[in-house]
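*Asks:* I am sharing entry17.txt, which consists of compact mmCIF, C-alpha atoms and all ligand atoms:
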# COMPACT_ATOMS: atom_id res chain seq x y z
CA MET A 1 -26.62 -0.75 -93.62
CA ASN A 2 -24.72 -3.97 -94.25
CA ALA A 3 -21.21 -2.49 -94.15
CA TYR A 4 -19.40 -0.32 -91.62
CA LEU A 5 -15.89 1.04 -91.81
CA ILE A 6 -14.63 1.57 -88.27
CA ARG A 7 -11.75 4.02 -88.52
CA ASN A 8 -8.72 4.24 -86.23
CA VAL A 9 -9.94 1.80 -83.63
CA SER A 10 -7.66 0.11 -81.11
CA VAL A 11 -8.49 -3.60 -81.21
CA LEU A 12 -8.05 -4.82 -77.63
CA GLY A 13 -5.62 -2.00 -76.89
CA ALA A 14 -3.35 -2.49 -79.94
CA ALA A 15 -2.20 0.34 -82.23
CA PRO A 16 -5.11 2.01 -84.09
CA THR A 17 -6.28 0.41 -87.31
CA ASP A 18 -9.39 0.24 -89.51
CA VAL A 19 -11.93 -2.55 -89.28
CA LEU A 20 -14.34 -3.19 -92.14
CA ILE A 21 -17.42 -5.23 -91.35
CA ARG A 22 -19.64 -6.43 -94.15
CA ASP A 23 -22.44 -8.99 -94.48
CA GLY A 24 -22.22 -9.98 -90.84
CA VAL A 25 -18.51 -10.69 -90.65
CA VAL A 26 -15.26 -8.81 -90.20
CA ALA A 27 -14.18 -8.46 -93.83
CA GLU A 28 -10.81 -6.77 -93.43
CA THR A 29 -8.59 -5.05 -90.88
CA GLY A 30 -5.59 -2.78 -91.47
CA PRO A 31 -4.68 0.90 -91.74
CA GLY A 32 -6.21 3.16 -94.40
CA LEU A 33 -9.01 0.90 -95.65
CA SER A 34 -11.57 2.36 -98.03
CA ALA A 35 -15.12 1.20 -98.68
CA PRO A 36 -17.30 3.85 -100.35
CA ASP A 37 -20.53 1.96 -99.69
CA ALA A 38 -19.86 1.54 -95.95
CA GLY A 39 -21.12 3.69 -93.10
CA VAL A 40 -18.10 5.32 -91.47
CA VAL A 41 -17.62 5.17 -87.70
CA ASP A 42 -14.87 7.47 -86.44
CA ALA A 43 -13.36 5.42 -83.63
CA ASP A 44 -10.42 7.62 -82.67
CA GLY A 45 -9.55 6.81 -79.06
CA LEU A 46 -11.99 3.89 -78.91
CA VAL A 47 -11.20 0.27 -78.09
CA ALA A 48 -12.88 -2.62 -79.94
CA LEU A 49 -13.80 -5.69 -77.92
CA PRO A 50 -15.60 -8.85 -78.93
CA GLY A 51 -19.29 -8.31 -78.11
CA LEU A 52 -19.87 -9.05 -74.43
CA VAL A 53 -21.73 -12.20 -73.41
CA ASP A 54 -23.76 -12.37 -70.20
CA LEU A 55 -24.33 -15.81 -68.75
CA HIS A 56 -26.75 -14.54 -66.11
CA THR A 57 -29.53 -12.09 -67.02
CA HIS A 58 -33.05 -11.81 -65.66
CA LEU A 59 -35.34 -10.54 -68.43
CA ARG A 60 -38.58 -11.04 -66.41
CA GLU A 61 -40.71 -11.95 -69.43
CA PRO A 62 -43.08 -13.75 -69.27
CA GLY A 63 -44.78 -12.56 -66.11
CA ARG A 64 -43.19 -9.36 -64.84
CA GLU A 65 -43.18 -7.19 -67.92
CA ASP A 66 -43.62 -4.21 -65.59
CA ALA A 67 -40.04 -4.77 -64.40
CA GLU A 68 -38.39 -5.75 -67.72
CA THR A 69 -39.23 -7.33 -71.05
CA VAL A 70 -37.08 -9.29 -73.41
CA GLU A 71 -36.99 -6.19 -75.57
CA THR A 72 -36.13 -3.62 -72.87
CA GLY A 73 -33.56 -5.97 -71.34
CA SER A 74 -32.06 -6.60 -74.77
CA ARG A 75 -31.75 -2.87 -75.34
CA ALA A 76 -30.06 -2.43 -71.95
CA ALA A 77 -27.71 -5.25 -72.91
CA ALA A 78 -26.78 -3.75 -76.28
CA LEU A 79 -26.14 -0.37 -74.61
CA GLY A 80 -23.88 -2.20 -72.17
CA GLY A 81 -21.82 -3.65 -75.04
CA TYR A 82 -23.45 -7.10 -75.04
CA THR A 83 -24.27 -9.12 -78.12
CA ALA A 84 -25.61 -12.18 -76.30
CA VAL A 85 -27.33 -12.83 -72.98
CA CYS A 86 -28.52 -15.99 -71.27
CA ALA A 87 -31.98 -15.47 -69.81
CA MET A 88 -32.64 -17.00 -66.40
CA ALA A 89 -35.61 -19.29 -65.89
CA ASN A 90 -37.29 -17.67 -62.85
CA THR A 91 -40.06 -16.10 -64.89
CA SER A 92 -43.80 -16.59 -64.43
CA PRO A 93 -44.61 -19.12 -65.75
CA VAL A 94 -41.20 -20.60 -65.00
CA ALA A 95 -39.11 -21.52 -68.06
CA ASP A 96 -39.36 -25.22 -67.26
CA THR A 97 -40.91 -26.46 -70.53
CA ALA A 98 -40.02 -26.37 -74.21
CA GLY A 99 -42.96 -23.98 -74.75
CA VAL A 100 -41.69 -21.26 -72.42
CA VAL A 101 -38.03 -21.41 -73.48
CA GLU A 102 -39.12 -21.23 -77.12
CA GLN A 103 -41.28 -18.20 -76.31
CA VAL A 104 -38.34 -16.37 -74.71
CA TRP A 105 -36.06 -17.36 -77.58
CA ARG A 106 -38.58 -16.06 -80.16
CA LEU A 107 -39.07 -12.78 -78.28
CA GLY A 108 -35.31 -12.35 -78.34
CA ARG A 109 -35.19 -12.90 -82.09
CA GLU A 110 -38.04 -10.44 -82.63
CA ALA A 111 -36.32 -7.75 -80.54
CA GLY A 112 -33.17 -8.40 -82.56
CA LEU A 113 -30.85 -6.40 -80.31
CA VAL A 114 -28.80 -9.23 -78.78
CA ASP A 115 -28.94 -12.99 -79.08
CA VAL A 116 -31.13 -14.22 -76.23
CA GLN A 117 -30.27 -17.75 -75.15
CA PRO A 118 -32.81 -19.12 -72.68
CA ILE A 119 -31.69 -21.05 -69.61
CA GLY A 120 -34.12 -23.79 -68.55
CA ALA A 121 -35.20 -24.56 -65.00
CA VAL A 122 -33.72 -27.65 -63.35
CA THR A 123 -36.87 -28.49 -61.41
CA VAL A 124 -40.57 -28.04 -62.15
CA GLY A 125 -41.65 -24.58 -61.01
CA LEU A 126 -38.23 -24.09 -59.34
CA ALA A 127 -39.79 -26.05 -56.47
CA GLY A 128 -36.81 -28.36 -56.01
CA GLU A 129 -38.95 -31.50 -56.04
CA ARG A 130 -39.03 -33.01 -59.54
CA LEU A 131 -36.73 -32.62 -62.52
CA ALA A 132 -38.16 -30.43 -65.30
CA GLU A 133 -38.25 -31.68 -68.90
CA LEU A 134 -34.58 -31.00 -69.51
CA GLY A 135 -34.42 -33.14 -72.66
CA ALA A 136 -37.45 -31.46 -74.25
CA MET A 137 -35.91 -28.03 -73.60
CA ALA A 138 -32.59 -29.19 -75.04
CA ASP A 139 -34.35 -30.52 -78.17
CA SER A 140 -36.52 -27.41 -78.60
CA ALA A 141 -35.83 -24.59 -81.06
CA ALA A 142 -34.16 -22.77 -78.15
CA ARG A 143 -31.53 -25.56 -77.88
CA VAL A 144 -31.11 -25.10 -74.14
CA ARG A 145 -27.76 -26.25 -72.77
CA ILE A 146 -27.67 -24.50 -69.38
CA PHE A 147 -30.19 -25.30 -66.67
CA SER A 148 -30.60 -23.37 -63.44
CA ASP A 149 -33.11 -22.83 -60.65
CA ASP A 150 -31.38 -19.50 -59.96
CA GLY A 151 -33.13 -17.57 -57.23
CA HIS A 152 -33.40 -20.98 -55.57
CA CYS A 153 -30.78 -23.57 -54.78
CA VAL A 154 -31.20 -27.16 -55.98
CA ALA A 155 -30.81 -28.14 -52.34
CA ASP A 156 -31.67 -31.85 -52.56
CA PRO A 157 -28.39 -33.66 -53.30
CA ARG A 158 -30.14 -36.58 -54.96
CA LEU A 159 -31.96 -34.26 -57.36
CA MET A 160 -28.73 -32.38 -58.05
CA ARG A 161 -26.99 -35.64 -58.85
CA ARG A 162 -29.80 -36.70 -61.21
CA ALA A 163 -29.74 -33.34 -62.97
CA LEU A 164 -25.97 -33.57 -63.48
CA GLU A 165 -26.36 -37.11 -64.81
CA TYR A 166 -29.17 -36.13 -67.14
CA VAL A 167 -27.38 -33.25 -68.87
CA LYS A 168 -24.18 -35.23 -69.31
CA ALA A 169 -25.74 -36.93 -72.37
CA PHE A 170 -25.65 -33.64 -74.32
CA ASP A 171 -22.76 -31.98 -72.48
CA GLY A 172 -25.18 -29.65 -70.73
CA ILE A 173 -24.47 -27.61 -67.63
CA ILE A 174 -26.19 -27.23 -64.29
CA ALA A 175 -25.73 -23.65 -63.06
CA GLN A 176 -26.23 -23.64 -59.33
CA HIS A 177 -27.44 -20.83 -57.08
CA ALA A 178 -25.36 -21.99 -54.13
CA GLU A 179 -27.35 -21.31 -50.97
CA GLU A 180 -28.06 -23.92 -48.31
CA PRO A 181 -31.61 -22.79 -47.47
CA ARG A 182 -31.56 -24.11 -43.92
CA LEU A 183 -28.66 -21.77 -43.17
CA THR A 184 -30.28 -18.66 -44.66
CA GLU A 185 -33.81 -18.73 -43.26
CA GLY A 186 -34.93 -15.13 -42.73
CA ALA A 187 -31.55 -13.81 -43.87
CA GLN A 188 -31.42 -10.14 -44.83
CA MET A 189 -27.74 -9.48 -45.45
CA HIS A 190 -24.22 -10.94 -45.04
CA GLU A 191 -23.72 -12.45 -41.59
CA GLY A 192 -20.93 -10.54 -39.91
CA GLU A 193 -20.04 -7.55 -37.86
CA VAL A 194 -22.32 -5.18 -39.79
CA SER A 195 -25.39 -7.45 -39.56
CA THR A 196 -24.82 -7.82 -35.83
CA ARG A 197 -24.63 -4.07 -35.41
CA LEU A 198 -27.74 -3.45 -37.54
CA GLY A 199 -29.67 -6.28 -35.92
CA LEU A 200 -30.47 -7.91 -39.27
CA THR A 201 -30.52 -11.70 -39.69
CA GLY A 202 -27.33 -12.85 -41.41
CA TRP A 203 -26.68 -14.97 -44.55
CA PRO A 204 -23.47 -16.75 -43.58
CA ALA A 205 -20.69 -17.36 -46.09
CA VAL A 206 -20.76 -21.05 -45.22
CA ALA A 207 -24.27 -21.37 -46.68
CA GLU A 208 -22.71 -20.74 -50.10
CA GLU A 209 -19.46 -22.58 -49.51
CA ALA A 210 -21.11 -25.79 -48.24
CA ILE A 211 -23.22 -26.14 -51.39
CA ILE A 212 -20.28 -25.44 -53.71
CA ALA A 213 -18.19 -28.03 -51.85
CA ARG A 214 -20.99 -30.59 -52.16
CA ASP A 215 -21.65 -29.82 -55.80
CA VAL A 216 -18.05 -29.99 -57.00
CA LEU A 217 -17.90 -33.45 -55.40
CA LEU A 218 -21.13 -34.46 -57.13
CA ALA A 219 -19.91 -33.08 -60.47
CA GLU A 220 -16.63 -34.95 -60.01
CA HIS A 221 -18.46 -38.16 -59.16
CA VAL A 222 -20.78 -37.90 -62.16
CA GLY A 223 -18.22 -36.38 -64.54
CA SER A 224 -20.60 -33.58 -65.53
CA ARG A 225 -20.27 -29.86 -65.98
CA LEU A 226 -21.18 -27.59 -63.08
CA HIS A 227 -21.32 -23.82 -63.23
CA VAL A 228 -21.46 -21.81 -60.01
CA CYS A 229 -23.53 -18.62 -60.18
CA HIS A 230 -22.55 -15.37 -58.44
CA VAL A 231 -19.65 -16.58 -56.25
CA SER A 232 -19.38 -14.12 -53.37
CA THR A 233 -16.97 -15.33 -50.68
CA ALA A 234 -13.26 -15.91 -50.20
CA GLY A 235 -14.02 -19.38 -48.90
CA SER A 236 -15.91 -20.27 -52.10
CA VAL A 237 -12.85 -19.26 -54.10
CA GLU A 238 -10.71 -21.72 -52.13
CA VAL A 239 -13.20 -24.57 -52.66
CA LEU A 240 -13.22 -23.83 -56.38
CA ARG A 241 -9.44 -23.57 -56.54
CA GLN A 242 -9.05 -27.04 -55.05
CA ALA A 243 -11.74 -28.54 -57.28
CA LYS A 244 -10.18 -27.09 -60.42
CA ALA A 245 -6.76 -28.35 -59.38
CA ARG A 246 -8.28 -31.85 -59.21
CA GLY A 247 -9.72 -31.46 -62.70
CA VAL A 248 -13.40 -31.14 -61.75
CA ARG A 249 -15.41 -29.73 -64.67
CA VAL A 250 -16.51 -26.61 -62.84
CA THR A 251 -16.73 -23.00 -63.98
CA ALA A 252 -17.66 -19.98 -61.90
CA GLU A 253 -18.90 -16.43 -62.24
CA VAL A 254 -18.67 -13.28 -60.15
CA THR A 255 -20.94 -10.26 -60.50
CA PRO A 256 -19.73 -6.68 -60.89
CA HIS A 257 -21.38 -5.69 -57.60
CA HIS A 258 -19.60 -8.41 -55.64
CA LEU A 259 -16.32 -7.04 -57.03
CA LEU A 260 -17.00 -3.51 -55.82
CA LEU A 261 -19.57 -3.09 -53.04
CA THR A 262 -19.42 -4.29 -49.43
CA ASP A 263 -22.00 -5.11 -46.77
CA VAL A 264 -21.34 -1.70 -45.21
CA ARG A 265 -23.82 -0.34 -47.81
CA ALA A 266 -26.60 -1.94 -45.77
CA GLU A 267 -26.05 0.77 -43.15
CA THR A 268 -28.07 3.06 -45.42
CA TYR A 269 -31.03 0.65 -45.17
CA ASP A 270 -31.51 1.43 -48.87
CA PRO A 271 -32.91 -1.80 -50.37
CA VAL A 272 -31.15 -1.07 -53.65
CA PHE A 273 -28.20 -2.78 -51.92
CA LYS A 274 -30.19 -5.89 -51.01
CA VAL A 275 -29.12 -8.75 -53.24
CA ASN A 276 -28.68 -12.49 -53.31
CA PRO A 277 -26.06 -13.58 -52.39
CA PRO A 278 -25.56 -10.51 -50.22
CA LEU A 279 -22.79 -7.96 -50.53
CA ARG A 280 -19.87 -9.31 -48.51
CA THR A 281 -16.69 -7.86 -46.96
CA ALA A 282 -13.57 -6.17 -48.29
CA THR A 283 -11.65 -9.42 -47.66
CA ASP A 284 -14.08 -11.29 -49.90
CA ILE A 285 -13.79 -8.62 -52.59
CA ALA A 286 -9.99 -8.93 -52.57
CA ALA A 287 -10.20 -12.73 -52.96
CA LEU A 288 -12.79 -12.46 -55.76
CA ARG A 289 -10.68 -9.95 -57.67
CA ALA A 290 -7.57 -12.12 -57.34
CA ALA A 291 -9.52 -15.20 -58.47
CA LEU A 292 -10.86 -13.33 -61.48
CA VAL A 293 -7.33 -12.43 -62.50
CA ASP A 294 -5.83 -15.89 -61.89
CA GLY A 295 -8.74 -17.72 -63.55
CA VAL A 296 -10.25 -19.61 -60.61
CA ILE A 297 -13.27 -17.47 -61.44
CA ASP A 298 -13.87 -17.79 -65.18
CA ILE A 299 -16.21 -14.95 -65.96
CA ILE A 300 -18.00 -11.78 -64.93
CA ALA A 301 -21.78 -12.26 -65.19
CA THR A 302 -24.16 -9.44 -64.38
CA ASP A 303 -27.04 -11.15 -62.53
CA HIS A 304 -29.02 -8.20 -63.96
CA ALA A 305 -32.08 -8.37 -61.70
CA PRO A 306 -34.62 -5.65 -62.52
CA HIS A 307 -37.38 -5.05 -59.98
CA ALA A 308 -40.42 -2.79 -60.10
CA VAL A 309 -40.44 0.26 -57.80
CA GLU A 310 -42.96 -1.26 -55.36
CA ASP A 311 -40.73 -4.31 -54.92
CA LYS A 312 -37.63 -2.24 -54.21
CA GLU A 313 -38.59 1.11 -52.68
CA CYS A 314 -40.02 -0.28 -49.48
CA GLU A 315 -38.72 -1.48 -46.13
CA TRP A 316 -35.48 -3.46 -46.38
CA ALA A 317 -37.09 -6.63 -45.03
CA TYR A 318 -39.84 -6.61 -47.67
CA ALA A 319 -37.71 -5.60 -50.66
CA ARG A 320 -36.85 -8.18 -53.31
CA PRO A 321 -33.17 -8.96 -53.66
CA GLY A 322 -31.39 -8.01 -56.87
CA MET A 323 -29.86 -5.10 -58.77
CA LEU A 324 -29.44 -3.94 -62.36
CA GLY A 325 -26.17 -4.76 -64.09
CA LEU A 326 -26.18 -4.80 -67.88
CA GLU A 327 -25.61 -1.10 -68.53
CA THR A 328 -22.82 -0.69 -65.98
CA ALA A 329 -20.88 -3.99 -66.05
CA LEU A 330 -18.13 -2.92 -68.43
CA SER A 331 -17.55 0.26 -66.43
CA ILE A 332 -17.22 -1.71 -63.20
CA ALA A 333 -14.83 -4.16 -64.87
CA LEU A 334 -12.74 -1.24 -66.11
CA ASP A 335 -12.78 0.31 -62.66
CA VAL A 336 -11.78 -2.95 -60.94
CA LEU A 337 -9.34 -4.42 -63.48
CA GLY A 338 -8.03 -1.31 -65.23
CA PRO A 339 -7.58 -1.23 -69.02
CA GLU A 340 -6.61 -4.92 -69.16
CA TRP A 341 -8.44 -5.42 -72.46
CA ASP A 342 -7.41 -8.99 -73.11
CA LEU A 343 -8.49 -10.02 -69.61
CA ILE A 344 -11.76 -8.13 -69.94
CA ALA A 345 -12.42 -9.78 -73.34
CA GLU A 346 -11.66 -13.19 -71.86
CA ARG A 347 -13.82 -12.83 -68.74
CA MET A 348 -16.73 -10.98 -70.32
CA SER A 349 -16.89 -12.39 -73.84
CA ARG A 350 -14.72 -15.33 -74.88
CA ALA A 351 -15.06 -17.48 -71.77
CA PRO A 352 -18.82 -16.97 -71.27
CA ALA A 353 -19.38 -17.70 -75.00
CA ARG A 354 -17.34 -20.90 -74.69
CA ILE A 355 -19.13 -22.03 -71.54
CA ALA A 356 -22.56 -21.37 -73.04
CA GLY A 357 -21.62 -22.88 -76.42
CA LEU A 358 -22.51 -19.63 -78.22
CA THR A 359 -20.14 -20.28 -81.10
CA GLU A 360 -20.93 -17.07 -83.00
CA HIS A 361 -19.84 -14.96 -80.03
CA GLY A 362 -16.60 -14.34 -78.20
CA HIS A 363 -14.40 -13.83 -81.27
CA ASP A 364 -11.84 -11.04 -81.42
CA PRO A 365 -12.46 -8.69 -84.36
CA ALA A 366 -10.26 -10.35 -87.00
CA PRO A 367 -10.96 -11.16 -90.68
CA GLY A 368 -13.57 -13.89 -91.02
CA ALA A 369 -14.91 -13.56 -87.47
CA PRO A 370 -18.64 -12.93 -86.97
CA ALA A 371 -19.05 -9.17 -86.60
CA ASN A 372 -20.25 -9.23 -82.99
CA LEU A 373 -18.30 -6.45 -81.34
CA THR A 374 -18.49 -3.37 -79.22
CA LEU A 375 -16.59 -0.08 -79.15
CA VAL A 376 -15.65 1.43 -75.78
CA ASP A 377 -14.47 4.93 -74.95
CA PRO A 378 -12.11 4.21 -72.05
CA ALA A 379 -11.41 7.88 -71.38
CA ALA A 380 -15.07 8.82 -70.87
CA ARG A 381 -16.48 9.16 -67.38
CA ARG A 382 -20.20 9.17 -66.82
CA VAL A 383 -22.51 9.85 -63.93
CA ILE A 384 -25.08 7.07 -63.61
CA GLU A 385 -28.59 8.50 -63.68
CA PRO A 386 -31.19 5.79 -63.05
CA ALA A 387 -33.81 7.64 -65.15
CA GLU A 388 -31.51 7.49 -68.17
CA LEU A 389 -31.11 3.71 -68.15
CA ALA A 390 -32.82 1.69 -70.88
CA SER A 391 -33.91 -0.99 -68.44
CA ARG A 392 -37.56 -0.73 -67.46
CA SER A 393 -36.44 -0.79 -63.81
CA ARG A 394 -34.40 1.72 -61.85
CA ASN A 395 -32.66 -0.38 -59.18
CA THR A 396 -29.06 0.41 -59.96
CA PRO A 397 -26.72 0.50 -56.95
CA TYR A 398 -24.50 2.99 -58.81
CA ALA A 399 -26.95 5.90 -58.91
CA ARG A 400 -25.10 9.21 -59.17
CA MET A 401 -21.72 7.48 -59.02
CA THR A 402 -19.15 8.51 -61.62
CA LEU A 403 -17.90 5.44 -63.50
CA PRO A 404 -15.17 5.10 -66.13
CA GLY A 405 -15.83 4.01 -69.71
CA ARG A 406 -18.73 4.36 -72.07
CA ILE A 407 -20.08 2.05 -74.77
CA VAL A 408 -20.15 4.02 -78.03
CA ALA A 409 -21.29 1.35 -80.50
CA THR A 410 -22.32 -2.29 -80.56
CA PHE A 411 -22.69 -4.50 -83.63
CA LEU A 412 -24.66 -7.73 -83.81
CA ARG A 413 -23.80 -9.80 -86.89
CA GLY A 414 -22.57 -6.63 -88.57
CA GLU A 415 -25.71 -4.58 -87.84
CA ALA A 416 -25.39 -1.64 -85.47
CA THR A 417 -27.55 -2.03 -82.39
CA VAL A 418 -25.93 1.00 -80.73
CA LEU A 419 -24.30 4.02 -82.42
CA ASP A 420 -23.07 7.23 -80.76
CA GLY A 421 -24.00 5.69 -77.44
CA LYS A 422 -27.67 5.39 -78.44
CA ALA A 423 -29.74 2.33 -79.21
CA ILE A 424 -30.72 2.10 -82.88
CA LYS A 425 -34.22 0.74 -82.24
N1 LIG A 501 -29.83 -12.10 -57.43
C1 LIG A 501 -30.89 -11.61 -56.85
O1 LIG A 501 -30.76 -10.94 -55.83
N2 LIG A 501 -32.11 -11.77 -57.35
C2 LIG A 501 -32.47 -12.67 -58.41
C3 LIG A 501 -32.69 -14.05 -57.96
C4 LIG A 501 -31.88 -14.47 -56.80
O2 LIG A 501 -30.76 -14.96 -57.01
O3 LIG A 501 -32.36 -14.33 -55.67
C5 LIG A 501 -33.73 -12.18 -59.05
O4 LIG A 501 -34.30 -12.88 -59.90
O5 LIG A 501 -34.18 -11.08 -58.71
Written as structure tokens, that's how I'd like the structure from this file.

*Replies:*
Amino acid sequence: MNAYLIRNVSVLGAAPTDVLIRDGVVAETGPGLSAPDAGVVDADGLVALPGLVDLHTHLREPGREDAETVETGSRAAALGGYTAVCAMANTSPVADTAGVVEQVWRLGREAGLVDVQPIGAVTVGLAGERLAELGAMADSAARVRIFSDDGHCVADPRLMRRALEYVKAFDGIIAQHAEEPRLTEGAQMHEGEVSTRLGLTGWPAVAEEAIIARDVLLAEHVGSRLHVCHVSTAGSVEVLRQAKARGVRVTAEVTPHHLLLTDVRAETYDPVFKVNPPLRTATDIAALRAALVDGVIDIIATDHAPHAVEDKECEWAYARPGMLGLETALSIALDVLGPEWDLIAERMSRAPARIAGLTEHGHDPAPGAPANLTLVDPAARRVIEPAELASRSRNTPYARMTLPGRIVATFLRGEATVLDGKAIK
């Protein structure tokens, strides 16, 4: 089908109208449209948003196809309302060469459910010792613009400076996993009252804040673009606020789980709540939410981190950190922000598309715009059943929780990837 007539849809919360998409673009909007050749989507009560863009997804391919593949992760993304995702480099082999990023990019094209934009590693093998071939990855068919050792911090300040200098030539970005490793050795959860009570080694907030403070100074010194992954503390927000006020070229993301869940969850000893950076306190959550509204934090990124059962359903200390996010992110945003559609579109679509340079994405559904959009039922409530998720993994922290909102349809360049809440392929 190359044409869809979406009837009575509320574009970003406005009064209902019709939206006709044809040949990959939004052809027309307005009440009472007719298009006999188009597939009709009855969107009464639904809200249209620009297709969501995730700057931080772990697709696990190559290497851990038992946990996720580019295809299964793409399907989870489409079902979550996404039309583009940036795939993190901590695969096996690591995405630190043109060959691996091109492989991931091609797999994304073959799956055809979302645009998959590979992120390249900053250092060879994520080892933090030598810069990877950033230029070769940038020049490859995958046209990499964001580099990250996510899962590991680029801890060496000289290497971080070199990386920032290197990507400046093509306006690239270094996305930092901010964690001073010497401060988090053996850490199992947020360092605070709960970790003391449970007797688990703590991951102090300052381990994140110290690296962000260092990196905004380095980015300022070099004049390069820095992106801070999964910001999790109130102190980090203050460092970012000051840096932005000085004009440092820094952007920042927060995950849905850091907006909703606290370290108290660790009391269950259920490793589904083990994540990097760890779940923090209610005070941190309040600061992160405020920063998301006032713009100190630019975007919501999922940090979708699928893990196989044997890596998650074991003792807390041995479990891998990370949780699923793609299929629940919009619901958490709706829960946390309310039906603030323009804000949700900005933080989950327009801003991440701008940061990543994904020019086809992040456009409100208006005539001439690429038809990358998603339809949400804001009145729906759904119980999250891990077995029903499209991800190959099951490690959602929202199991059996009732969440607001449901993605009804997603369109990628005018083709439906999701209809009636179900993936098309
Ligand atoms: N966010 C996580 O808890 N996990 C990430 C990597 C990481 O940041 O540790 C993963 O790849 O699983």

*Asks:* Write out as a PyMOL selection string the residues lying within 9 Å of Gly80 in chain A, counting all atoms listed in the file and excluding same-chain residues fewer than 6 positions away.

*Replies:* chain A and resi 52+325-331+374+406-407+410

*Asks:* Asp115 in chain A: which residues within 8 Å, counting only C-alpha atoms, same-chain residues fewer than 3 positions away excluded, as a PyMOL selection string?

*Replies:* chain A and resi 83-85+108-109+112

*Asks:* With only C-alpha atoms and all ligand atoms as the basis for distance, which of A:Glu28, A:Glu238, A:Glu385, A:Glu61 is at the shortest distance from ligand LIG 501 (chain A)?

*Replies:*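 Counting only C-alpha atoms and all ligand atoms, the residue closest to ligand LIG 501 (chain A) is A:Glu61.
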
*Asks:* Counting all atoms listed in the file, which residues of chain A sit at most 10 Å from some atom of ligand LIG 501 (chain A), and what is each one's closest atom pair with its distance in Å to one decimal, listed by chain and rising residue number, as a tab-separated table?

*Replies:*
residue	atom	partner	partner_atom	distance
A:His56	CA	A:LIG501	N1	9.5
A:Thr57	CA	A:LIG501	O4	8.6
A:His58	CA	A:LIG501	O4	6.0
A:Leu59	CA	A:LIG501	O4	8.9
A:Arg60	CA	A:LIG501	O4	8.0
A:Met88	CA	A:LIG501	O4	7.9
A:Ala89	CA	A:LIG501	O4	8.9
A:Asn90	CA	A:LIG501	O4	6.4
A:Thr91	CA	A:LIG501	O4	8.3
A:Asp149	CA	A:LIG501	O2	9.0
A:Asp150	CA	A:LIG501	O2	5.4
A:Gly151	CA	A:LIG501	C4	3.4
A:His152	CA	A:LIG501	O2	6.7
A:Cys153	CA	A:LIG501	O2	8.9
A:His177	CA	A:LIG501	O2	6.7
A:Ala178	CA	A:LIG501	O2	9.3
A:Glu179	CA	A:LIG501	O2	9.4
A:Cys229	CA	A:LIG501	O2	8.7
A:His230	CA	A:LIG501	N1	8.0
A:Thr255	CA	A:LIG501	N1	9.6
A:Phe273	CA	A:LIG501	O1	9.4
A:Lys274	CA	A:LIG501	O1	7.0
A:Val275	CA	A:LIG501	O1	3.8
A:Asn276	CA	A:LIG501	O1	3.6
A:Pro277	CA	A:LIG501	O1	6.4
A:Pro278	CA	A:LIG501	O1	7.7
A:Thr302	CA	A:LIG501	N1	9.4
A:Asp303	CA	A:LIG501	N1	5.9
A:His304	CA	A:LIG501	N1	7.6
A:Ala305	CA	A:LIG501	O5	4.5
A:Pro306	CA	A:LIG501	O5	6.6
A:His307	CA	A:LIG501	O5	6.9
A:Arg320	CA	A:LIG501	O5	6.7
A:Pro321	CA	A:LIG501	O1	3.8
A:Gly322	CA	A:LIG501	O1	3.2
A:Met323	CA	A:LIG501	O1	6.6
A:Leu324	CA	A:LIG501	O5	9.3

*Asks:* Determine the nearest neighbour of Val122 in chain A from the options A:Gln176, A:Thr196, A:Thr262, A:Ser10, counting all atoms listed in the file.

*Replies:*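 Using all atoms listed in the file, Val122 in chain A sits closest to A:Gln176.
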
*Asks:* For a quick check of understanding, using only C-alpha atoms, which of A:Pro367, A:Pro352, A:Gly99, A:Pro204 has the smallest distance to Cys86 in chain A?

*Replies:*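 Going through A:Pro367, A:Pro352, A:Gly99, A:Pro204 one by one, the smallest distance to Cys86 in chain A is for A:Pro352.
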